[in-house]
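Participant: My structure is in coords-v5.txt, and what it holds is compact mmCIF, C-alpha atoms:
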# COMPACT_ATOMS: atom_id res chain seq x y z
CA MET Z 1 12.84 10.15 -0.19
CA GLU Z 2 15.49 7.43 -0.15
CA MET Z 3 14.53 4.30 1.83
CA TYR Z 4 10.88 3.33 2.03
CA GLU Z 5 9.38 1.06 4.71
CA TYR Z 6 6.34 -1.10 4.02
CA LYS Z 7 4.59 -3.11 6.73
CA THR Z 8 2.48 -6.13 5.87
CA ARG Z 9 1.54 -9.67 6.89
CA ILE Z 10 2.06 -13.00 5.18
CA GLU Z 11 -1.29 -13.91 3.64
CA PHE Z 12 -2.65 -17.39 2.95
CA CYS Z 13 -1.84 -17.01 -0.75
CA ASP Z 14 1.81 -16.39 0.18
CA ILE Z 15 2.50 -19.73 1.88
CA ASP Z 16 3.36 -23.17 0.56
CA GLU Z 17 1.84 -26.51 1.58
CA ASN Z 18 4.07 -26.53 4.68
CA ASN Z 19 2.80 -23.15 5.92
CA LYS Z 20 6.05 -21.40 5.01
CA LEU Z 21 6.51 -18.21 3.01
CA SER Z 22 6.88 -19.31 -0.62
CA SER Z 23 9.10 -17.79 -3.27
CA LYS Z 24 6.05 -16.58 -5.15
CA GLY Z 25 4.63 -15.12 -1.94
CA LEU Z 26 7.85 -13.24 -1.26
CA LEU Z 27 7.93 -11.84 -4.81
CA ARG Z 28 4.31 -10.73 -4.48
CA ILE Z 29 5.12 -8.86 -1.26
CA LEU Z 30 8.25 -7.26 -2.73
CA GLY Z 31 6.35 -6.18 -5.83
CA GLU Z 32 3.63 -4.69 -3.66
CA ALA Z 33 6.19 -2.76 -1.62
CA ALA Z 34 7.77 -1.36 -4.78
CA GLY Z 35 4.35 -0.43 -6.17
CA VAL Z 36 3.23 1.33 -3.00
CA HIS Z 37 6.52 3.22 -2.82
CA SER Z 38 6.03 4.43 -6.40
CA GLU Z 39 2.44 5.38 -5.57
CA THR Z 40 3.53 7.57 -2.65
CA VAL Z 41 5.82 9.65 -4.87
CA GLY Z 42 3.40 10.07 -7.77
CA TYR Z 43 4.54 7.38 -10.22
CA GLY Z 44 2.30 4.48 -9.24
CA LEU Z 45 -0.42 2.53 -11.02
CA ASN Z 46 -3.19 4.94 -10.01
CA HIS Z 47 -1.21 7.87 -11.46
CA MET Z 48 -0.91 6.24 -14.89
CA PRO Z 49 -3.91 8.13 -16.39
CA GLN Z 50 -2.08 11.40 -15.64
CA THR Z 51 1.57 10.40 -16.18
CA HIS Z 52 1.01 7.83 -18.96
CA LEU Z 53 3.92 5.96 -17.43
CA THR Z 54 4.28 2.54 -15.87
CA TRP Z 55 7.11 0.36 -14.55
CA MET Z 56 8.13 -2.92 -16.15
CA LEU Z 57 10.25 -5.52 -14.36
CA LEU Z 58 13.46 -6.81 -15.97
CA ASN Z 59 14.89 -9.16 -13.35
CA TRP Z 60 14.80 -10.51 -9.80
CA LYS Z 61 17.42 -12.00 -7.51
CA ILE Z 62 16.33 -13.16 -4.06
CA LYS Z 63 17.93 -14.95 -1.14
CA PHE Z 64 15.98 -16.45 1.75
CA PHE Z 65 17.39 -16.69 5.27
CA ILE Z 66 14.26 -17.90 7.07
CA LYS Z 67 10.73 -18.72 5.90
CA PRO Z 68 8.08 -17.51 8.35
CA CYS Z 69 4.57 -18.91 8.54
CA TRP Z 70 1.14 -17.46 7.73
CA ASN Z 71 0.10 -14.18 9.38
CA THR Z 72 3.64 -13.23 10.42
CA GLU Z 73 4.17 -9.48 10.41
CA LEU Z 74 6.85 -8.31 7.99
CA LEU Z 75 8.76 -5.08 7.50
CA VAL Z 76 10.02 -4.51 3.97
CA LYS Z 77 12.68 -1.88 3.39
CA THR Z 78 13.19 -0.87 -0.24
CA TRP Z 79 15.12 1.80 -2.09
CA ALA Z 80 16.28 2.90 -5.54
CA ARG Z 81 19.94 1.92 -5.50
CA SER Z 82 21.05 3.32 -8.83
CA PHE Z 83 19.75 4.72 -12.10
CA SER Z 84 20.78 4.41 -15.72
CA LYS Z 85 19.29 6.31 -18.65
CA VAL Z 86 16.05 4.30 -18.66
CA SER Z 87 16.27 1.75 -15.81
CA SER Z 88 16.52 1.68 -12.04
CA ASN Z 89 17.94 -0.93 -9.70
CA ARG Z 90 15.81 -1.44 -6.60
CA ASP Z 91 16.93 -3.40 -3.53
CA PHE Z 92 15.00 -4.89 -0.62
CA THR Z 93 15.49 -6.31 2.86
CA VAL Z 94 12.68 -8.10 4.69
CA TYR Z 95 12.42 -8.58 8.48
CA ASP Z 96 9.95 -10.42 10.69
CA ASN Z 97 8.37 -8.98 13.85
CA ASN Z 98 11.40 -10.15 15.89
CA ASN Z 99 13.74 -8.21 13.59
CA ASN Z 100 15.13 -11.41 12.05
CA LEU Z 101 16.30 -11.04 8.45
CA VAL Z 102 13.86 -13.04 6.32
CA ALA Z 103 15.24 -12.28 2.86
CA LYS Z 104 17.08 -9.83 0.69
CA ALA Z 105 16.49 -9.07 -2.97
CA THR Z 106 17.48 -6.92 -5.88
CA SER Z 107 15.58 -6.07 -9.05
CA LYS Z 108 15.77 -3.95 -12.17
CA TRP Z 109 12.89 -1.90 -13.57
CA VAL Z 110 12.40 0.17 -16.70
CA LEU Z 111 9.97 3.08 -16.96
CA ILE Z 112 7.81 2.81 -20.08
CA ALA Z 113 5.18 4.88 -21.87
CA SER Z 114 1.91 3.09 -21.13
CA GLU Z 115 0.42 3.71 -24.60
CA LYS Z 116 3.40 3.10 -26.89
CA PHE Z 117 5.06 0.64 -24.51
CA THR Z 118 8.49 2.10 -25.19
CA PRO Z 119 11.20 3.03 -22.63
CA VAL Z 120 11.16 6.55 -21.22
CA LYS Z 121 14.21 8.49 -20.10
CA LEU Z 122 14.54 8.78 -16.32
CA THR Z 123 14.65 12.53 -15.87
CA GLU Z 124 16.40 14.35 -13.07
CA GLU Z 125 12.99 15.08 -11.57
CA ILE Z 126 12.12 11.37 -11.41
CA ARG Z 127 15.52 10.51 -9.91
CA ASN Z 128 15.17 13.20 -7.28
CA THR Z 129 11.61 12.11 -6.47
CA PHE Z 130 12.69 8.57 -5.62
CA GLY Z 131 16.09 9.51 -4.26
CA GLU Z 132 19.15 7.32 -4.58
CA TYR Z 133 20.32 5.19 -1.67
CA ASN Z 134 23.65 3.71 -2.70
CA SER Z 135 23.60 0.47 -0.72
CA SER Z 136 23.60 -2.94 -2.43
CA VAL Z 137 22.36 -6.17 -0.83
CA PHE Z 138 24.45 -8.33 -3.21
CA ASP Z 139 28.06 -8.14 -4.35
CA THR Z 140 27.24 -8.88 -7.99
CA GLU Z 141 24.49 -7.83 -10.40
CA VAL Z 142 22.10 -10.16 -12.19
CA ASN Z 143 23.47 -11.25 -15.56
CA ASP Z 144 20.82 -10.01 -17.99
CA LYS Z 145 22.71 -11.71 -20.85
CA GLU Z 146 22.29 -15.18 -19.34
CA LYS Z 147 21.84 -17.81 -22.06
CA GLU Z 148 19.99 -21.10 -22.17
CA PRO Z 149 22.22 -24.07 -21.22
CA GLU Z 150 23.08 -26.35 -24.12
CA SER Z 151 21.86 -29.33 -22.11
CA SER Z 152 18.28 -27.99 -21.81
CA LYS Z 153 15.52 -30.48 -22.56
CA PHE Z 154 11.88 -29.79 -23.41
CA VAL Z 155 9.39 -30.48 -20.59
CA TYR Z 156 5.98 -29.00 -21.47
CA ASP Z 157 4.12 -26.27 -23.34
CA TYR Z 158 1.29 -23.97 -22.33
CA GLN Z 159 -1.05 -21.52 -24.07
CA ILE Z 160 -1.47 -18.21 -22.24
CA LYS Z 161 -4.95 -17.53 -20.87
CA ARG Z 162 -6.72 -14.30 -19.93
CA ARG Z 163 -6.17 -15.08 -16.24
CA ASP Z 164 -2.40 -14.77 -16.81
CA ILE Z 165 -2.51 -11.15 -18.06
CA ASP Z 166 -1.85 -8.09 -15.88
CA THR Z 167 -2.35 -4.31 -16.23
CA ASN Z 168 0.60 -4.06 -18.65
CA HIS Z 169 -1.33 -6.43 -20.97
CA HIS Z 170 1.27 -9.17 -20.74
CA VAL Z 171 1.84 -12.18 -18.50
CA ASN Z 172 2.23 -11.17 -14.87
CA ASN Z 173 5.81 -11.52 -13.65
CA LEU Z 174 4.81 -13.89 -10.82
CA TYR Z 175 3.46 -16.49 -13.25
CA TYR Z 176 6.89 -17.07 -14.76
CA LEU Z 177 7.78 -18.62 -11.42
CA ASP Z 178 4.73 -20.90 -11.71
CA PHE Z 179 5.85 -22.01 -15.17
CA ALA Z 180 9.34 -22.66 -13.84
CA TYR Z 181 8.21 -24.73 -10.85
CA ASP Z 182 6.01 -26.84 -13.12
CA THR Z 183 9.07 -27.47 -15.29
CA LEU Z 184 11.31 -28.77 -12.49
CA PRO Z 185 11.67 -32.56 -12.21
CA LYS Z 186 9.20 -34.19 -9.85
CA ASP Z 187 11.97 -34.89 -7.31
CA PHE Z 188 12.40 -31.15 -6.82
CA TRP Z 189 8.76 -30.08 -6.52
CA GLU Z 190 9.06 -30.01 -2.75
CA VAL Z 191 12.59 -28.60 -2.56
CA SER Z 192 12.77 -25.30 -0.72
CA PHE Z 193 15.30 -23.24 -2.67
CA ASP Z 194 17.02 -20.36 -0.87
CA ASN Z 195 18.24 -18.56 -4.00
CA ILE Z 196 16.26 -17.66 -7.11
CA GLU Z 197 17.00 -15.49 -10.12
CA ILE Z 198 14.55 -14.53 -12.86
CA ILE Z 199 15.66 -12.76 -16.03
CA TYR Z 200 12.75 -11.45 -18.09
CA LYS Z 201 13.85 -11.13 -21.72
CA LYS Z 202 10.72 -10.82 -23.86
CA GLN Z 203 7.09 -10.25 -22.95
CA ILE Z 204 4.54 -13.04 -23.25
CA ARG Z 205 1.12 -12.04 -24.56
CA LEU Z 206 -2.40 -13.44 -24.54
CA ASP Z 207 -2.81 -16.62 -26.66
CA ASP Z 208 0.96 -17.09 -27.02
CA THR Z 209 2.14 -20.65 -26.60
CA ILE Z 210 5.30 -21.07 -24.56
CA LYS Z 211 7.64 -24.05 -24.30
CA CYS Z 212 9.53 -24.74 -21.08
CA PHE Z 213 12.94 -26.41 -20.92
CA TYR Z 214 14.97 -27.72 -17.98
CA ALA Z 215 18.68 -28.18 -17.34
CA TYR Z 216 20.91 -28.87 -14.36
CA ASP Z 217 24.05 -26.85 -14.96
CA ASN Z 218 26.82 -25.59 -12.68
CA ASN Z 219 24.93 -26.77 -9.57
CA GLN Z 220 21.87 -24.80 -10.60
CA HIS Z 221 18.40 -25.86 -11.76
CA ILE Z 222 17.70 -23.71 -14.82
CA VAL Z 223 14.37 -23.28 -16.58
CA THR Z 224 14.22 -21.57 -19.97
CA ILE Z 225 10.86 -20.30 -21.23
CA LYS Z 226 10.74 -19.95 -25.01
CA SER Z 227 8.29 -19.11 -27.78
CA GLU Z 228 6.43 -21.86 -29.60
CA ASP Z 229 8.77 -21.73 -32.59
CA LEU Z 230 11.81 -21.56 -30.23
CA SER Z 231 13.02 -18.33 -31.85
CA VAL Z 232 12.52 -16.21 -28.71
CA VAL Z 233 13.74 -16.71 -25.14
CA HIS Z 234 11.09 -15.14 -22.92
CA ALA Z 235 12.78 -15.76 -19.56
CA ILE Z 236 15.39 -17.73 -17.68
CA VAL Z 237 14.73 -18.85 -14.10
CA LYS Z 238 17.50 -20.21 -11.87
CA PHE Z 239 17.11 -22.12 -8.59
CA TYR Z 240 20.00 -22.98 -6.28
Step by step, read the file and then write its structure as structure tokens.

Facilitator:
Amino acid sequence: MEMYEYKTRIEFCDIDENNKLSSKGLLRILGEAAGVHSETVGYGLNHMPQTHLTWMLLNWKIKFFIKPCWNTELLVKTWARSFSKVSSNRDFTVYDNNNNLVAKATSKWVLIASEKFTPVKLTEEIRNTFGEYNSSVFDTEVNDKEKEPESSKFVYDYQIKRRDIDTNHHVNNLYYLDFAYDTLPKDFWEVSFDNIEIIYKKQIRLDDTIKCFYAYDNNQHIVTIKSEDLSVVHAIVKFY
């Protein structure tokens, strides 16, 4: 199997206050498409008791072209673009029911042992199961070594609650976007960004306190999420 097609609809939880597909809604749909694809080939969440394996997200890069409203039918096409020793790049294109391109995205995932939470080598069997469709939606990769801008300023802190934790026992990847939006200056709360990048650097666990910083650098709004003692960068989120 190479390219996988996933049909869905935009749900109420996926729209913003203007009845348009939100960034968080898009990421939810893309994550669901990736999860269902993995499930169909035997490496999904419901197979974890047998495989003892799960996927962990390392980054996102998305670009919107249009933002449909609630209940619009969507077709998501997704594929494993390339593999390294322990990670896989997965790309996406999203179309509405009139075949208009809604968005494109790329992501990187690492396969981990669900009990030890350590990376697992992507065997030839796993690669062959997913297939490799060598087509990239972007010309450049996400820079996983992105650093916090020197001009970053502290905005707020937050202690992680049980509601923030997912099946990997850490903060769900979607909530990083919530933290980032709450960090943006008030003037940008209602800005509809077409391009977003999220680089996940270190997991956030239950009861951790995070501190969120904001900078405007190189025509980008950049949020850095750090540990309470500032020794760890948990994630960097870029809007432009």

Participant: What is the CA of Ile160 in chain Z-CA of Asp229 in chain Z distance in Å, reported with one decimal?

Facilitator: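 Computing it gives 15.0 Å between the two atoms.
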
Participant: Would you mind reading off the distance between CA of Ile196 in chain Z and CA of Asp14 in chain Z, one decimal, in Å?

Facilitator: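 Going from CA of Ile196 in chain Z over to CA of Asp14 in chain Z covers 16.2 Å.
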
Participant: As a PyMOL selection string, please: the residues near range 127-142 of chain Z (cut-off 9 Å, all atoms listed in the file, same-chain neighbours under 2 positions excluded).

Facilitator: chain Z and resi 1-3+37-38+41-42+59-61+79-83+90-93+104-108+122-125+144-146+197-199

Participant: Given the choices Z:Gly44, Z:Pro185, Z:Pro149, Z:Pro68, which gets closest to Glu32 in chain Z if the distance is worked out from all atoms listed in the file?

Facilitator: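 Checking each of Z:Gly44, Z:Pro185, Z:Pro149, Z:Pro68 against Glu32 in chain Z, counting all atoms listed in the file, the winner is Z:Gly44.
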
Participant: What does the structure give for the distance between CA of Leu53 in chain Z and CA of Ala113 in chain Z, in Å to one decimal?

Facilitator: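 The value is 4.7 Å.
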
Participant: Using only C-alpha atoms, what residues lie at most 12 Å away from (1.1, 5.4, -11.4) (file coordinates), given as a PyMOL selection string?

Facilitator: chain Z and resi 34-56+111-114+167-168

Participant: From the list Z:Arg163, Z:Arg205, Z:His170, Z:Lys238, which residue is nearest Asn143 in chain Z when using all atoms listed in the file?

Facilitator: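 Looking at the shortest contact to Asn143 in chain Z, the residue is Z:Lys238.
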
Participant: Around the point (10.9, -3.2, 1.7) in the file's coordinates, collect all residues with an atom within 7 Å, using all atoms listed in the file, and return them as a PDB file with C-alpha atoms, in the frame of the given file.

Facilitator:
ATOM      1  CA  TYR Z   4      10.880   3.330   2.030  1.00  0.00           C
ATOM      2  CA  GLU Z   5       9.380   1.060   4.710  1.00  0.00           C
ATOM      3  CA  TYR Z   6       6.340  -1.100   4.020  1.00  0.00           C
ATOM      4  CA  LEU Z  30       8.250  -7.260  -2.730  1.00  0.00           C
ATOM      5  CA  ALA Z  33       6.190  -2.760  -1.620  1.00  0.00           C
ATOM      6  CA  LEU Z  75       8.760  -5.080   7.500  1.00  0.00           C
ATOM      7  CA  VAL Z  76      10.020  -4.510   3.970  1.00  0.00           C
ATOM      8  CA  LYS Z  77      12.680  -1.880   3.390  1.00  0.00           C
ATOM      9  CA  THR Z  78      13.190  -0.870  -0.240  1.00  0.00           C
ATOM     10  CA  PHE Z  92      15.000  -4.890  -0.620  1.00  0.00           C
ATOM     11  CA  THR Z  93      15.490  -6.310   2.860  1.00  0.00           C
ATOM     12  CA  VAL Z  94      12.680  -8.100   4.690  1.00  0.00           C
TER      13      VAL Z  94
END

Participant: When you look at Val223 in chain Z with a cut-off of 12 Å (counting all atoms listed in the file), what residues show up, excluding the ones that are within fewer than 5 positions of it in the same chain? I need them as number ranges by chain.

Facilitator: Z: 146-156, 176-185, 196-199, 211-217, 233-240

Participant: Could you write out as JSON the box around range 50-55 of chain Z (axis-aligned, all atoms listed in the file, 4 Å on each side), with centre and edge lengths in Å to one decimal?

Facilitator:
{"center_x": 2.5, "center_y": 5.9, "center_z": -16.8, "size_x": 17.2, "size_y": 19.0, "size_z": 12.4}

Participant: Which is closest to Cys69 in chain Z among Z:Phe12, Z:Leu101, Z:Ser84, Z:Val120, if we use all atoms listed in the file?

Facilitator: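 Among the listed residues, the smallest separation from Cys69 in chain Z belongs to Z:Phe12.
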
Participant: May I ask which of the residues Z:Ser23, Z:Ser227, Z:Thr72, Z:Asn173 is the closest one to Lys7 in chain Z, counting all atoms listed in the file?

Facilitator: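 Closest candidate: Z:Thr72.
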